[in-house]
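Colleague: So here's upload.txt (compact mmCIF, C-alpha atoms).
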```txt
# COMPACT_ATOMS: atom_id res chain seq x y z
CA MET O 1 -96.08 29.26 40.42
CA THR O 2 -94.13 26.01 40.41
CA THR O 3 -91.74 24.87 43.14
CA LEU O 4 -89.14 22.18 42.43
CA PHE O 5 -87.37 19.78 44.81
CA ILE O 6 -84.32 17.67 44.06
CA SER O 7 -81.71 15.77 46.07
CA ASP O 8 -78.95 13.18 45.86
CA LEU O 9 -77.33 14.34 42.64
CA HIS O 10 -73.91 13.30 43.98
CA LEU O 11 -72.24 15.59 41.44
CA ASP O 12 -68.78 14.30 40.62
CA GLU O 13 -66.26 14.93 37.86
CA ARG O 14 -66.33 11.18 37.16
CA GLU O 15 -70.02 11.41 36.15
CA PRO O 16 -70.15 14.23 33.57
CA HIS O 17 -73.54 13.15 32.20
CA ILE O 18 -75.15 14.04 35.56
CA THR O 19 -73.48 17.45 35.62
CA GLU O 20 -74.56 18.17 32.04
CA GLY O 21 -78.09 17.02 32.80
CA PHE O 22 -78.30 19.21 35.90
CA ILE O 23 -77.03 22.32 34.12
CA HIS O 24 -79.51 21.71 31.31
CA PHE O 25 -82.24 21.32 33.95
CA LEU O 26 -81.30 24.72 35.42
CA LYS O 27 -81.41 26.36 32.00
CA THR O 28 -84.78 24.88 31.06
CA GLN O 29 -87.18 23.42 33.62
CA ALA O 30 -85.86 25.42 36.60
CA ARG O 31 -85.53 28.71 34.75
CA ASP O 32 -88.92 30.25 35.43
CA VAL O 33 -90.14 28.65 38.65
CA LYS O 34 -90.80 30.23 42.02
CA ALA O 35 -88.25 28.21 43.97
CA LEU O 36 -85.77 25.37 43.74
CA TYR O 37 -84.90 23.29 46.82
CA ILE O 38 -81.85 20.98 46.88
CA LEU O 39 -82.21 18.63 49.85
CA GLY O 40 -78.72 17.33 50.39
CA ASP O 41 -75.99 15.22 48.78
CA PHE O 42 -75.75 17.76 45.99
CA PHE O 43 -72.06 16.89 45.64
CA GLU O 44 -70.51 13.45 46.03
CA TYR O 45 -68.20 15.06 48.57
CA TRP O 46 -67.24 18.58 49.66
CA VAL O 47 -64.03 19.24 51.57
CA GLY O 48 -64.57 22.95 52.28
CA ASP O 49 -65.50 26.17 50.55
CA ASP O 50 -61.84 26.87 49.78
CA PHE O 51 -61.90 23.93 47.35
CA SER O 52 -62.25 25.15 43.77
CA SER O 53 -61.93 23.60 40.33
CA PRO O 54 -63.35 24.24 36.84
CA PHE O 55 -65.92 21.55 37.67
CA THR O 56 -67.19 23.21 40.87
CA LYS O 57 -67.00 26.70 39.38
CA ARG O 58 -69.22 25.70 36.47
CA ILE O 59 -71.87 24.35 38.83
CA ILE O 60 -71.68 27.37 41.14
CA ASP O 61 -71.96 29.74 38.15
CA ALA O 62 -75.00 27.86 36.85
CA LEU O 63 -76.73 28.12 40.23
CA HIS O 64 -75.85 31.81 40.48
CA ASP O 65 -77.32 32.41 37.03
CA VAL O 66 -80.67 30.83 37.90
CA SER O 67 -80.85 32.70 41.22
CA GLN O 68 -80.11 35.97 39.43
CA HIS O 69 -82.96 35.13 37.07
CA GLY O 70 -85.32 35.40 40.06
CA VAL O 71 -85.57 31.80 41.24
CA ALA O 72 -85.31 31.48 45.03
CA THR O 73 -82.71 28.73 45.43
CA TYR O 74 -82.22 26.77 48.65
CA ILE O 75 -79.80 24.04 49.66
CA MET O 76 -79.61 21.67 52.63
CA HIS O 77 -76.67 19.62 53.86
CA GLY O 78 -76.58 15.92 53.12
CA ASN O 79 -74.33 13.26 54.55
CA ARG O 80 -71.82 13.78 51.71
CA ASP O 81 -71.64 17.58 51.55
CA PHE O 82 -72.27 18.85 55.08
CA LEU O 83 -69.23 21.16 54.83
CA LEU O 84 -70.94 23.43 52.31
CA GLY O 85 -70.76 26.86 53.90
CA GLU O 86 -71.24 30.59 53.67
CA ARG O 87 -68.80 31.18 50.83
CA PHE O 88 -70.46 28.58 48.64
CA CYS O 89 -73.85 30.17 49.30
CA GLN O 90 -72.60 33.67 48.51
CA GLU O 91 -71.05 32.57 45.24
CA SER O 92 -73.95 30.38 44.13
CA GLY O 93 -76.84 32.55 45.31
CA CYS O 94 -78.24 29.69 47.41
CA THR O 95 -79.71 30.02 50.88
CA LEU O 96 -78.55 27.32 53.29
CA LEU O 97 -81.40 25.66 55.19
CA PRO O 98 -81.14 23.83 58.51
CA ASP O 99 -82.22 20.21 58.61
CA PRO O 100 -85.14 19.98 59.25
CA THR O 101 -86.88 23.07 57.86
CA ARG O 102 -90.63 23.71 58.02
CA ILE O 103 -92.21 25.70 55.18
CA ASP O 104 -95.69 26.59 54.00
CA LEU O 105 -95.89 25.04 50.54
CA ASP O 106 -98.86 26.66 48.83
CA GLY O 107 -100.99 26.29 51.95
CA THR O 108 -99.70 22.87 53.07
CA PRO O 109 -97.45 22.75 56.16
CA THR O 110 -94.41 20.86 54.84
CA LEU O 111 -91.23 19.58 56.47
CA LEU O 112 -88.02 19.36 54.46
CA MET O 113 -85.22 16.99 55.49
CA HIS O 114 -82.29 15.23 53.91
CA GLY O 115 -83.65 12.05 55.48
CA ASP O 116 -80.62 10.35 57.00
CA THR O 117 -81.74 11.01 60.59
CA LEU O 118 -84.96 9.09 59.89
CA CYS O 119 -83.01 5.85 59.35
CA LEU O 120 -82.84 4.82 63.00
CA ALA O 121 -81.94 1.18 62.29
CA ASP O 122 -78.66 2.24 60.70
CA ARG O 123 -77.03 2.81 64.08
CA ALA O 124 -73.44 2.61 62.79
CA TYR O 125 -74.05 5.46 60.37
CA LEU O 126 -75.81 7.59 63.01
CA ARG O 127 -72.84 7.16 65.36
CA TYR O 128 -70.50 8.21 62.55
CA ARG O 129 -72.75 11.18 61.79
CA ARG O 130 -72.60 12.45 65.36
CA VAL O 131 -68.80 12.37 65.25
CA VAL O 132 -68.22 14.09 61.90
CA ARG O 133 -70.89 16.75 62.53
CA ASN O 134 -69.27 17.72 65.85
CA PRO O 135 -68.20 21.40 65.48
CA PHE O 136 -64.73 20.64 66.87
CA ILE O 137 -64.18 17.78 64.40
CA LYS O 138 -65.36 19.93 61.48
CA LYS O 139 -63.06 22.78 62.49
CA LEU O 140 -60.14 20.37 62.88
CA PHE O 141 -60.76 18.79 59.47
CA LEU O 142 -60.97 22.20 57.76
CA SER O 143 -57.62 23.11 59.29
CA PHE O 144 -55.90 20.33 57.32
CA PRO O 145 -54.20 21.10 53.99
CA LEU O 146 -56.63 20.87 51.08
CA ARG O 147 -54.83 17.94 49.45
CA LEU O 148 -55.01 15.92 52.68
CA ARG O 149 -58.72 16.70 53.04
CA GLU O 150 -59.33 15.43 49.51
CA LYS O 151 -57.48 12.18 50.23
CA ILE O 152 -59.48 11.65 53.43
CA ALA O 153 -62.76 12.38 51.64
CA GLN O 154 -61.95 9.96 48.83
CA LYS O 155 -61.11 7.22 51.32
CA LEU O 156 -64.31 7.86 53.27
CA ARG O 157 -66.28 7.75 50.02
CA ARG O 158 -64.85 4.32 49.16
CA THR O 159 -65.59 3.10 52.67
CA SER O 160 -69.14 4.44 52.47
CA ASP O 161 -69.74 2.78 49.09
CA ALA O 162 -68.54 -0.57 50.41
CA TYR O 163 -70.64 -0.16 53.57
CA THR O 164 -73.75 0.60 51.51
CA ARG O 165 -73.26 -2.42 49.24
CA ASN O 166 -72.94 -4.78 52.21
CA ARG O 167 -75.82 -3.49 54.34
CA ASP O 168 -79.35 -4.83 54.45
CA ALA O 169 -81.43 -2.37 52.41
CA MET O 170 -84.14 -2.34 55.07
CA LEU O 171 -81.67 -1.07 57.68
CA MET O 172 -80.97 1.93 55.49
CA ASP O 173 -84.62 2.92 55.02
CA VAL O 174 -86.59 5.26 57.25
CA GLU O 175 -88.24 4.15 60.47
CA PRO O 176 -92.04 4.63 60.04
CA ASP O 177 -92.60 5.53 63.68
CA GLU O 178 -89.87 8.18 63.48
CA VAL O 179 -91.53 9.68 60.39
CA ILE O 180 -94.81 9.99 62.28
CA ARG O 181 -93.10 11.39 65.37
CA VAL O 182 -91.22 14.06 63.42
CA MET O 183 -94.27 15.09 61.40
CA ARG O 184 -96.41 15.40 64.53
CA GLU O 185 -93.67 17.30 66.34
CA HIS O 186 -93.54 19.90 63.57
CA GLY O 187 -97.29 19.88 62.87
CA VAL O 188 -96.97 19.17 59.13
CA ASN O 189 -99.11 17.24 56.69
CA ARG O 190 -96.31 16.65 54.19
CA LEU O 191 -92.71 15.47 54.59
CA ILE O 192 -90.25 15.73 51.68
CA HIS O 193 -86.84 14.09 51.92
CA GLY O 194 -84.11 12.30 49.98
CA HIS O 195 -81.21 10.08 51.09
CA THR O 196 -82.80 6.63 50.63
CA HIS O 197 -82.84 6.81 46.80
CA ARG O 198 -86.36 5.31 46.76
CA PRO O 199 -88.55 7.87 44.99
CA ALA O 200 -92.23 7.54 45.87
CA ILE O 201 -95.24 9.40 47.22
CA HIS O 202 -96.51 7.59 50.31
CA LYS O 203 -100.02 8.32 51.57
CA LEU O 204 -99.83 7.79 55.31
CA LYS O 205 -102.56 6.24 57.41
CA LEU O 206 -102.89 9.15 59.78
CA GLU O 207 -104.19 12.68 59.94
CA ILE O 208 -102.38 15.72 61.31
CA ASN O 209 -104.42 18.79 62.19
CA GLY O 210 -107.44 16.95 60.79
CA LYS O 211 -105.93 16.53 57.32
CA PRO O 212 -104.31 13.56 55.51
CA ALA O 213 -100.55 13.18 55.71
CA GLU O 214 -98.05 12.13 53.06
CA ARG O 215 -94.32 11.42 52.77
CA ILE O 216 -92.56 12.17 49.49
CA VAL O 217 -89.16 10.61 48.80
CA LEU O 218 -86.95 12.26 46.19
CA GLY O 219 -84.98 10.12 43.77
CA ALA O 220 -81.22 10.02 43.24
CA TRP O 221 -79.61 11.10 39.97
CA HIS O 222 -77.87 8.15 38.33
CA ASN O 223 -79.01 7.01 34.90
CA MET O 224 -81.97 9.39 35.19
CA GLY O 225 -82.56 12.60 37.07
CA SER O 226 -85.48 13.02 39.46
CA VAL O 227 -87.50 16.10 40.41
CA LEU O 228 -90.60 16.74 42.50
CA VAL O 229 -92.83 19.32 40.85
CA CYS O 230 -95.30 21.10 43.14
CA GLU O 231 -97.86 23.46 41.64
CA SER O 232 -99.63 26.38 43.28
CA ASP O 233 -102.88 24.34 43.50
CA GLY O 234 -101.15 22.06 46.02
CA SER O 235 -100.55 19.10 43.71
CA CYS O 236 -97.12 17.41 43.66
CA GLN O 237 -95.75 14.88 41.18
CA LEU O 238 -92.43 13.09 40.79
CA HIS O 239 -90.86 13.28 37.35
CA ASP O 240 -87.88 11.56 35.79
CA ILE O 241 -85.37 13.65 33.86
CA ALA O 242 -83.47 12.19 30.94
CA LEU O 243 -79.84 13.10 31.42
CA ASN O 244 -79.05 13.12 27.73
CA VAL O 245 -79.21 16.89 27.22
CA GLY O 246 -82.34 18.16 25.58
CA ALA O 247 -84.76 15.37 26.50
CA THR O 248 -87.11 15.17 29.47
CA SER O 249 -89.63 12.48 30.41
CA SER O 250 -92.07 12.20 33.28
CA GLY O 251 -93.14 9.26 35.33
```
Could you write out this file's structure as C-alpha cells?
Modeller:
Amino acid sequence: MTTLFISDLHLDEREPHITEGFIHFLKTQARDVKALYILGDFFEYWVGDDFSSPFTKRIIDALHDVSQHGVATYIMHGNRDFLLGERFCQESGCTLLPDPTRIDLDGTPTLLMHGDTLCLADRAYLRYRRVVRNPFIKKLFLSFPLRLREKIAQKLRRTSDAYTRNRDAMLMDVEPDEVIRVMREHGVNRLIHGHTHRPAIHKLKLEINGKPAERIVLGAWHNMGSVLVCESDGSCQLHDIALNVGATSSG
C-alpha cells in the first residue's frame, strides 16, 4: 500500500486556500493509504494545546476522520510548531514522532527528520533553537496567558520572516557532510526531510550497507501543495498538488 509524506504546510487562517487544499487532500488522496507522515511545520505557529479556534478544530477533526478511516497518521515537530503535544495528538488521532525517527519503509531503512538540525551553517537559528526547545523555557512559555503567548508567537513569526528574507539561501540549506554523518549513524539508505522548501530527490554518491543512498526533500505548501508518494515496491515520487479544490497534478 501507499505511504505519503508531507511537511511545511504552515497552516494559517490568513491562507485559507492551503487549509482547503489540505482538507481536500485528506478526503481524497490520503483517504485509503497505509500511512501519512507530517514532518514538521504543519502549523505556521502553535502556542500550546489549550489554544483552540474554529480554524484549528476543523483541521484536527479532518485528521481525526482520516485516522479513524484506518490511515496511520504521524506528526513530527518543526521549528514553528514544536509545542504540539499530547492533547493535540489525542484529539487528532496522530502519533507524535521524535526527530529523528528511523523506520523501515517497504524494506528500505529510512530516516525521517524535519531538517532544521541539518543546516549547520545557520548558527544563529541553531542557537535560538537550543534556547526555545529547553524544557524550562517551554514550561515557562506555556505558563503565560494564552493571549500573551499569541502576541509573542506573532512577533517571533515576523522576526523569523524578516530573518529568512535577509539571509543567504546557502546558509539555510543542509550541510552535505552532516547529511552523510546522520545517515551513517542511523544506518539508513534514505533520508526524508522538509524545512528547506527545496523539493528534490538527491541520489547521493555513497553507499550505506552496500546499497545506494538518497536524500528526499519535501516541498512547502504555498501556491501548490507537495507530497512524496512511496509505493510498496519501494519507489518514491514527489508530486505537486493543486490547491484549488478538486484538481491534482503531478510533477
Colleague: Quote the spacing between CA of Ile208 in chain O and CA of Arg181 in chain O in Å to one decimal place.
Modeller: 11.0 Å
Colleague: Just checking: using all atoms listed in the file, which residue out of O:Ile192, O:Ala242, O:Leu26, O:Leu120 ends up closest to Asp173 in chain O?
Modeller: O:Leu120
Colleague: Can you work out which one of O:Leu84, O:Val47, O:Met1, O:Val217 has the shortest atom-to-atom distance to Arg157 in chain O, counting all atoms listed in the file?
Modeller: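 The shortest atom-to-atom distance to Arg157 in chain O comes from O:Val47.
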Colleague: Fewer than 3 positions away in the same chain doesn't count, so skip those; otherwise give me all residues within 9 Å of Val179 in chain O, counting all atoms listed in the file, as an NGL selection string.
Modeller: :O and (118 or 174-176 or 182-184 or 191 or 215)
Colleague: Report, as lines of an AutoDock Vina configuration file, the axis-aligned box around all atoms of range 120-130 of chain O present in the file, extended by 8 Å on each side; give centre and edge lengths in Å to one decimal place.
Modeller:
```
center_x = -76.7
center_y = 6.8
center_z = 62.9
size_x = 28.3
size_y = 27.3
size_z = 21.0
```
Colleague: Of the residues O:Asn223, O:Ser143, O:Lys205, O:Arg102, which is the one nearest to Val188 in chain O, using all atoms listed in the file?
Modeller: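 Under the stated criterion, the closest residue is O:Arg102.
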Colleague: Between CA of Ala121 in chain O and CA of Asp177 in chain O, measure the distance and give it in Å to one decimal.
Modeller: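 Going from CA of Ala121 in chain O over to CA of Asp177 in chain O, I get 11.6 Å.
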Colleague: Any idea what's packed within 8 Å of Lys27 in chain O, counting only C-alpha atoms, ignoring anything in its chain fewer than 4 positions away? Could you give it as a PDB file with C-alpha atoms, keeping the file's coordinate frame?
Modeller:
```
ATOM      1  CA  ILE O  23     -77.030  22.320  34.120  1.00  0.00           C
ATOM      2  CA  ARG O  31     -85.530  28.710  34.750  1.00  0.00           C
ATOM      3  CA  VAL O  66     -80.670  30.830  37.900  1.00  0.00           C
TER       4      VAL O  66
END
```
Colleague: Pick out the closest residue to Thr117 in chain O from this set: O:Ala35, O:Met172, O:Leu4, O:Ile18. Count only C-alpha atoms.
Modeller: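 Smallest separation from Thr117 in chain O among the options: O:Met172.
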Colleague: Between CA of Gly48 in chain O and CA of Ser226 in chain O, what is the distance in Å, rounded to a tenth?
Modeller: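 A separation of 26.5 Å between them.
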Colleague: Given the choices O:Phe22, O:Asn209, O:Ala72, O:Phe42, which gets closest to Thr108 in chain O if the distance is worked out from all atoms listed in the file?
Modeller: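 Among the listed residues, O:Asn209 lies closest to Thr108 in chain O.
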Colleague: Just checking: using all atoms listed in the file, which residue out of O:His24, O:His202, O:His239, O:His195 ends up closest to Cys119 in chain O?
Modeller: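 Nearest to Cys119 in chain O: O:His195.
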Colleague: Skipping near chain neighbours, those fewer than 2 positions away, what residues fall within 10 Å of Glu231 in chain O using all atoms listed in the file, listed as a list in words?
Modeller: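 Listed by chain and then number, they are Met1, Thr2, Thr3, Leu4, Val33, Lys34, Leu105, Asp106, Leu228, Val229, Asp233, Gly234, Ser235, Cys236 and Gln237 of chain O.
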Colleague: Check which residues of range 171-243 of chain O sit at most 9 Å from range 8-12 of chain O using only C-alpha atoms, and return one row each with the closest pair of atoms and their distance in Å to one decimal, ordered by chain and rising number, as a Markdown table.
Modeller:
```
| residue | atom | partner | partner_atom | distance |
| --- | --- | --- | --- | --- |
| O:Gly194 | CA | O:Asp8 | CA | 6.7 |
| O:His195 | CA | O:Asp8 | CA | 6.5 |
| O:Thr196 | CA | O:Asp8 | CA | 9.0 |
| O:His197 | CA | O:Asp8 | CA | 7.5 |
| O:Leu218 | CA | O:Asp8 | CA | 8.1 |
| O:Gly219 | CA | O:Asp8 | CA | 7.1 |
| O:Ala220 | CA | O:Asp8 | CA | 4.7 |
| O:Trp221 | CA | O:Leu9 | CA | 4.8 |
| O:His222 | CA | O:Leu9 | CA | 7.6 |
| O:Gly225 | CA | O:Leu9 | CA | 7.8 |
| O:Ser226 | CA | O:Leu9 | CA | 8.8 |
```
Colleague: Using only C-alpha atoms, please write the residues we just selected to a file, as a short mmCIF file (atom, residue, chain, number, x, y, z; two decimals), in the coordinates of the input.
Modeller:
```cif
data_model
loop_
_atom_site.label_atom_id
_atom_site.label_comp_id
_atom_site.auth_asym_id
_atom_site.auth_seq_id
_atom_site.Cartn_x
_atom_site.Cartn_y
_atom_site.Cartn_z
CA GLY O 194 -84.11 12.30 49.98
CA HIS O 195 -81.21 10.08 51.09
CA THR O 196 -82.80 6.63 50.63
CA HIS O 197 -82.84 6.81 46.80
CA LEU O 218 -86.95 12.26 46.19
CA GLY O 219 -84.98 10.12 43.77
CA ALA O 220 -81.22 10.02 43.24
CA TRP O 221 -79.61 11.10 39.97
CA HIS O 222 -77.87 8.15 38.33
CA GLY O 225 -82.56 12.60 37.07
CA SER O 226 -85.48 13.02 39.46
#
```
Colleague: Near Phe88 in chain O, within 8 Å and counting all atoms listed in the file, which residues show up once chain neighbours fewer than 6 positions away are dropped, as JSON, numbers by chain?
Modeller: {"O": [49, 60, 94]}
